[in-house]
$ cat start.cif   # mmCIF, N, CA and C atoms
data_query
#
loop_
_atom_site.label_atom_id
_atom_site.label_comp_id
_atom_site.auth_asym_id
_atom_site.auth_seq_id
_atom_site.Cartn_x
_atom_site.Cartn_y
_atom_site.Cartn_z
N MET A 1 98.38 132.63 145.85
CA MET A 1 97.99 133.95 145.38
C MET A 1 99.11 134.94 145.68
N LYS A 2 99.38 135.82 144.74
CA LYS A 2 100.40 136.83 144.94
C LYS A 2 99.93 137.87 145.94
N LYS A 3 100.87 138.42 146.67
CA LYS A 3 100.56 139.45 147.64
C LYS A 3 100.10 140.72 146.92
N LEU A 4 99.03 141.32 147.39
CA LEU A 4 98.52 142.55 146.80
C LEU A 4 99.19 143.74 147.46
N SER A 5 99.37 144.79 146.70
CA SER A 5 99.95 146.02 147.19
C SER A 5 98.93 147.13 146.99
N CYS A 6 98.82 148.01 147.94
CA CYS A 6 97.84 149.09 147.88
C CYS A 6 98.43 150.31 147.17
N VAL A 7 97.63 150.89 146.27
CA VAL A 7 98.02 152.10 145.56
C VAL A 7 96.88 153.09 145.69
N SER A 8 97.19 154.29 146.11
CA SER A 8 96.17 155.32 146.21
C SER A 8 96.07 156.04 144.86
N LEU A 9 94.84 156.30 144.44
CA LEU A 9 94.62 156.88 143.13
C LEU A 9 93.57 157.99 143.24
N SER A 10 93.90 159.14 142.71
CA SER A 10 92.94 160.25 142.68
C SER A 10 92.47 160.46 141.25
N ILE A 11 91.15 160.38 141.06
CA ILE A 11 90.57 160.63 139.74
C ILE A 11 89.32 161.50 139.91
N GLU A 12 88.92 162.12 138.82
CA GLU A 12 87.74 162.96 138.85
C GLU A 12 86.50 162.10 139.11
N GLU A 13 85.54 162.64 139.82
CA GLU A 13 84.33 161.92 140.19
C GLU A 13 83.58 161.36 138.97
N PRO A 14 83.42 162.13 137.88
CA PRO A 14 82.70 161.55 136.72
C PRO A 14 83.41 160.31 136.16
N MET A 15 84.75 160.31 136.14
CA MET A 15 85.49 159.15 135.66
C MET A 15 85.27 157.96 136.60
N LYS A 16 85.28 158.22 137.89
CA LYS A 16 85.05 157.15 138.87
C LYS A 16 83.66 156.53 138.68
N GLU A 17 82.66 157.36 138.47
CA GLU A 17 81.31 156.86 138.30
C GLU A 17 81.17 156.05 137.00
N LYS A 18 81.86 156.48 135.95
CA LYS A 18 81.84 155.72 134.70
C LYS A 18 82.52 154.37 134.89
N LEU A 19 83.65 154.36 135.59
CA LEU A 19 84.34 153.10 135.88
C LEU A 19 83.46 152.18 136.73
N ARG A 20 82.78 152.76 137.71
CA ARG A 20 81.88 151.97 138.56
C ARG A 20 80.76 151.36 137.71
N TYR A 21 80.22 152.13 136.78
CA TYR A 21 79.16 151.64 135.89
C TYR A 21 79.66 150.45 135.07
N VAL A 22 80.84 150.60 134.45
CA VAL A 22 81.40 149.53 133.64
C VAL A 22 81.66 148.30 134.51
N ALA A 23 82.18 148.51 135.71
CA ALA A 23 82.45 147.41 136.63
C ALA A 23 81.16 146.65 136.94
N GLU A 24 80.09 147.37 137.20
CA GLU A 24 78.81 146.71 137.49
C GLU A 24 78.32 145.92 136.28
N GLN A 25 78.49 146.47 135.08
CA GLN A 25 78.07 145.78 133.86
C GLN A 25 78.86 144.48 133.67
N GLU A 26 80.11 144.47 134.12
CA GLU A 26 80.96 143.30 133.98
C GLU A 26 81.02 142.47 135.26
N GLN A 27 80.13 142.79 136.19
CA GLN A 27 80.00 142.07 137.47
C GLN A 27 81.31 142.00 138.22
N ARG A 28 81.97 143.16 138.32
CA ARG A 28 83.20 143.28 139.09
C ARG A 28 83.05 144.42 140.08
N SER A 29 83.88 144.37 141.11
CA SER A 29 83.97 145.53 142.01
C SER A 29 84.78 146.60 141.28
N LEU A 30 84.73 147.82 141.77
CA LEU A 30 85.50 148.91 141.17
C LEU A 30 86.99 148.58 141.20
N ALA A 31 87.49 148.12 142.33
CA ALA A 31 88.91 147.78 142.46
C ALA A 31 89.29 146.66 141.49
N SER A 32 88.43 145.66 141.38
CA SER A 32 88.69 144.54 140.47
C SER A 32 88.69 145.02 139.02
N GLN A 33 87.82 145.93 138.68
CA GLN A 33 87.76 146.47 137.32
C GLN A 33 89.04 147.24 137.00
N ILE A 34 89.51 148.03 137.94
CA ILE A 34 90.74 148.80 137.72
C ILE A 34 91.92 147.85 137.54
N ARG A 35 92.01 146.79 138.37
CA ARG A 35 93.08 145.79 138.20
C ARG A 35 92.99 145.14 136.83
N HIS A 36 91.77 144.81 136.40
CA HIS A 36 91.54 144.21 135.08
C HIS A 36 92.04 145.12 133.96
N LEU A 37 91.71 146.40 134.04
CA LEU A 37 92.13 147.36 133.01
C LEU A 37 93.64 147.53 132.99
N ILE A 38 94.26 147.54 134.16
CA ILE A 38 95.72 147.64 134.23
C ILE A 38 96.36 146.40 133.60
N ARG A 39 95.82 145.21 133.91
CA ARG A 39 96.33 143.97 133.32
C ARG A 39 96.25 144.03 131.80
N LEU A 40 95.10 144.48 131.27
CA LEU A 40 94.94 144.60 129.81
C LEU A 40 95.96 145.56 129.21
N TYR A 41 96.18 146.68 129.88
CA TYR A 41 97.15 147.67 129.39
C TYR A 41 98.55 147.07 129.36
N LEU A 42 98.93 146.37 130.44
CA LEU A 42 100.27 145.78 130.51
C LEU A 42 100.45 144.69 129.45
N GLN A 43 99.41 143.90 129.21
CA GLN A 43 99.49 142.87 128.16
C GLN A 43 99.70 143.53 126.80
N ASP A 44 98.98 144.62 126.54
CA ASP A 44 99.13 145.34 125.28
C ASP A 44 100.53 145.93 125.16
N TYR A 45 101.03 146.52 126.24
CA TYR A 45 102.36 147.13 126.24
C TYR A 45 103.42 146.08 125.94
N GLU A 46 103.33 144.93 126.63
CA GLU A 46 104.33 143.88 126.44
C GLU A 46 104.22 143.25 125.04
N ALA A 47 103.04 143.17 124.49
CA ALA A 47 102.88 142.67 123.12
C ALA A 47 103.58 143.60 122.13
N LYS A 48 103.53 144.88 122.43
CA LYS A 48 104.13 145.88 121.55
C LYS A 48 105.64 145.99 121.73
N TYR A 49 106.10 146.01 122.99
CA TYR A 49 107.50 146.32 123.29
C TYR A 49 108.30 145.17 123.90
N GLY A 50 107.67 144.04 124.13
CA GLY A 50 108.37 142.91 124.72
C GLY A 50 108.12 142.82 126.22
N PRO A 51 108.44 141.67 126.80
CA PRO A 51 108.16 141.45 128.21
C PRO A 51 108.92 142.39 129.14
N ILE A 52 108.29 142.72 130.23
CA ILE A 52 108.92 143.51 131.28
C ILE A 52 109.42 142.51 132.31
N ASP A 53 110.69 142.56 132.64
CA ASP A 53 111.28 141.65 133.61
C ASP A 53 110.76 142.00 135.01
N GLU A 54 109.99 141.08 135.61
CA GLU A 54 109.40 141.33 136.93
C GLU A 54 110.46 141.44 138.02
N GLN A 55 111.64 140.88 137.80
CA GLN A 55 112.69 140.93 138.81
C GLN A 55 113.47 142.25 138.77
N GLU A 56 113.34 142.96 137.67
CA GLU A 56 114.06 144.22 137.52
C GLU A 56 113.50 145.26 138.47
N THR A 57 114.38 146.00 139.10
CA THR A 57 113.96 147.08 140.00
C THR A 57 114.03 148.38 139.25
N PHE A 58 112.94 149.10 139.24
CA PHE A 58 112.90 150.38 138.56
C PHE A 58 113.24 151.47 139.56
N THR A 59 114.39 152.11 139.40
CA THR A 59 114.83 153.18 140.31
C THR A 59 115.21 154.40 139.52
N GLY A 60 115.43 155.48 140.25
CA GLY A 60 115.90 156.71 139.61
C GLY A 60 114.79 157.55 139.01
N ARG A 61 113.55 157.23 139.38
CA ARG A 61 112.44 158.04 138.85
C ARG A 61 111.78 158.81 139.94
#
$ encode --input "start.cif" --output "structure tokens"
Amino acid sequence: MKKLSCVSLSIEEPMKEKLRYVAEQEQRSLASQIRHLIRLYLQDYEAKYGPIDEQETFTGR
């Protein structure tokens, strides 16, 4: 299993509750649902623009 990294995220309470609702409907924890949505977004992005090199370091931002 790949090592997990912690990211702090601030969102409005109504959005959090909606995400929690969707997570429960899909039998996931809130954190697992957020990871799932990020994975889907990245798959869509790479399908559109090509693969992102995981070894590349993103700096200067």
$ closest_residue --input "start.cif" --among "A:Gln43, A:Ile34, A:Lys3, A:Glu56" --to "Leu19 (chain A)" --atoms "only N, CA and C atoms"
A:Ile34
$ atom_distance --input "start.cif" --atom1 "CA of Cys6 (chain A)" --atom2 "CA of Ile52 (chain A)"
20.7 Å
$ select_by_dssp --input "start.cif" --residues "chain A" --states "alpha helix (DSSP H)" --output "ChimeraX atom specification"
/A:13-25,30-49
$ write_last_selection --input "start.cif" --atoms "N, CA and C atoms" --output "compact mmCIF listing (two decimals), in the coordinates of the input"
# COMPACT_ATOMS: atom_id res chain seq x y z
N GLU A 13 85.54 162.64 139.82
CA GLU A 13 84.33 161.92 140.19
C GLU A 13 83.58 161.36 138.97
N PRO A 14 83.42 162.13 137.88
CA PRO A 14 82.70 161.55 136.72
C PRO A 14 83.41 160.31 136.16
N MET A 15 84.75 160.31 136.14
CA MET A 15 85.49 159.15 135.66
C MET A 15 85.27 157.96 136.60
N LYS A 16 85.28 158.22 137.89
CA LYS A 16 85.05 157.15 138.87
C LYS A 16 83.66 156.53 138.68
N GLU A 17 82.66 157.36 138.47
CA GLU A 17 81.31 156.86 138.30
C GLU A 17 81.17 156.05 137.00
N LYS A 18 81.86 156.48 135.95
CA LYS A 18 81.84 155.72 134.70
C LYS A 18 82.52 154.37 134.89
N LEU A 19 83.65 154.36 135.59
CA LEU A 19 84.34 153.10 135.88
C LEU A 19 83.46 152.18 136.73
N ARG A 20 82.78 152.76 137.71
CA ARG A 20 81.88 151.97 138.56
C ARG A 20 80.76 151.36 137.71
N TYR A 21 80.22 152.13 136.78
CA TYR A 21 79.16 151.64 135.89
C TYR A 21 79.66 150.45 135.07
N VAL A 22 80.84 150.60 134.45
CA VAL A 22 81.40 149.53 133.64
C VAL A 22 81.66 148.30 134.51
N ALA A 23 82.18 148.51 135.71
CA ALA A 23 82.45 147.41 136.63
C ALA A 23 81.16 146.65 136.94
N GLU A 24 80.09 147.37 137.20
CA GLU A 24 78.81 146.71 137.49
C GLU A 24 78.32 145.92 136.28
N GLN A 25 78.49 146.47 135.08
CA GLN A 25 78.07 145.78 133.86
C GLN A 25 78.86 144.48 133.67
N LEU A 30 84.73 147.82 141.77
CA LEU A 30 85.50 148.91 141.17
C LEU A 30 86.99 148.58 141.20
N ALA A 31 87.49 148.12 142.33
CA ALA A 31 88.91 147.78 142.46
C ALA A 31 89.29 146.66 141.49
N SER A 32 88.43 145.66 141.38
CA SER A 32 88.69 144.54 140.47
C SER A 32 88.69 145.02 139.02
N GLN A 33 87.82 145.93 138.68
CA GLN A 33 87.76 146.47 137.32
C GLN A 33 89.04 147.24 137.00
N ILE A 34 89.51 148.03 137.94
CA ILE A 34 90.74 148.80 137.72
C ILE A 34 91.92 147.85 137.54
N ARG A 35 92.01 146.79 138.37
CA ARG A 35 93.08 145.79 138.20
C ARG A 35 92.99 145.14 136.83
N HIS A 36 91.77 144.81 136.40
CA HIS A 36 91.54 144.21 135.08
C HIS A 36 92.04 145.12 133.96
N LEU A 37 91.71 146.40 134.04
CA LEU A 37 92.13 147.36 133.01
C LEU A 37 93.64 147.53 132.99
N ILE A 38 94.26 147.54 134.16
CA ILE A 38 95.72 147.64 134.23
C ILE A 38 96.36 146.40 133.60
N ARG A 39 95.82 145.21 133.91
CA ARG A 39 96.33 143.97 133.32
C ARG A 39 96.25 144.03 131.80
N LEU A 40 95.10 144.48 131.27
CA LEU A 40 94.94 144.60 129.81
C LEU A 40 95.96 145.56 129.21
N TYR A 41 96.18 146.68 129.88
CA TYR A 41 97.15 147.67 129.39
C TYR A 41 98.55 147.07 129.36
N LEU A 42 98.93 146.37 130.44
CA LEU A 42 100.27 145.78 130.51
C LEU A 42 100.45 144.69 129.45
N GLN A 43 99.41 143.90 129.21
CA GLN A 43 99.49 142.87 128.16
C GLN A 43 99.70 143.53 126.80
N ASP A 44 98.98 144.62 126.54
CA ASP A 44 99.13 145.34 125.28
C ASP A 44 100.53 145.93 125.16
N TYR A 45 101.03 146.52 126.24
CA TYR A 45 102.36 147.13 126.24
C TYR A 45 103.42 146.08 125.94
N GLU A 46 103.33 144.93 126.63
CA GLU A 46 104.33 143.88 126.44
C GLU A 46 104.22 143.25 125.04
N ALA A 47 103.04 143.17 124.49
CA ALA A 47 102.88 142.67 123.12
C ALA A 47 103.58 143.60 122.13
N LYS A 48 103.53 144.88 122.43
CA LYS A 48 104.13 145.88 121.55
C LYS A 48 105.64 145.99 121.73
N TYR A 49 106.10 146.01 122.99
CA TYR A 49 107.50 146.32 123.29
C TYR A 49 108.30 145.17 123.90
$ atom_distance --input "start.cif" --atom1 "CA of Glu12 (chain A)" --atom2 "CA of Ala31 (chain A)"
15.6 Å
$ atom_distance --input "start.cif" --atom1 "CA of Glu17 (chain A)" --atom2 "atom C of Ser29 (chain A)"
11.2 Å
$ residues_near_point --input "start.cif" --point "(91.2, 155.2, 143.8)" --cutoff "9 Å" --atoms "only C-alpha atoms" --output "JSON, numbers by chain"
{"A": [7, 8, 9, 10, 11, 16, 30, 31, 34]}
$ residues_near_point --input "start.cif" --point "(103.2, 150.1, 135.7)" --cutoff "12 Å" --atoms "only C-alpha atoms" --output "ChimeraX atom specification"
/A:7,35,37-43,45-46,52-54,57-58
$ axis_aligned_box --input "start.cif" --around "region 24-30 of chain A" --padding-each-side "6 Å" --output "lines of an AutoDock Vina configuration file"
center_x = 82.5
center_y = 145.5
center_z = 137.8
size_x = 20.9
size_y = 18.9
size_z = 20.3
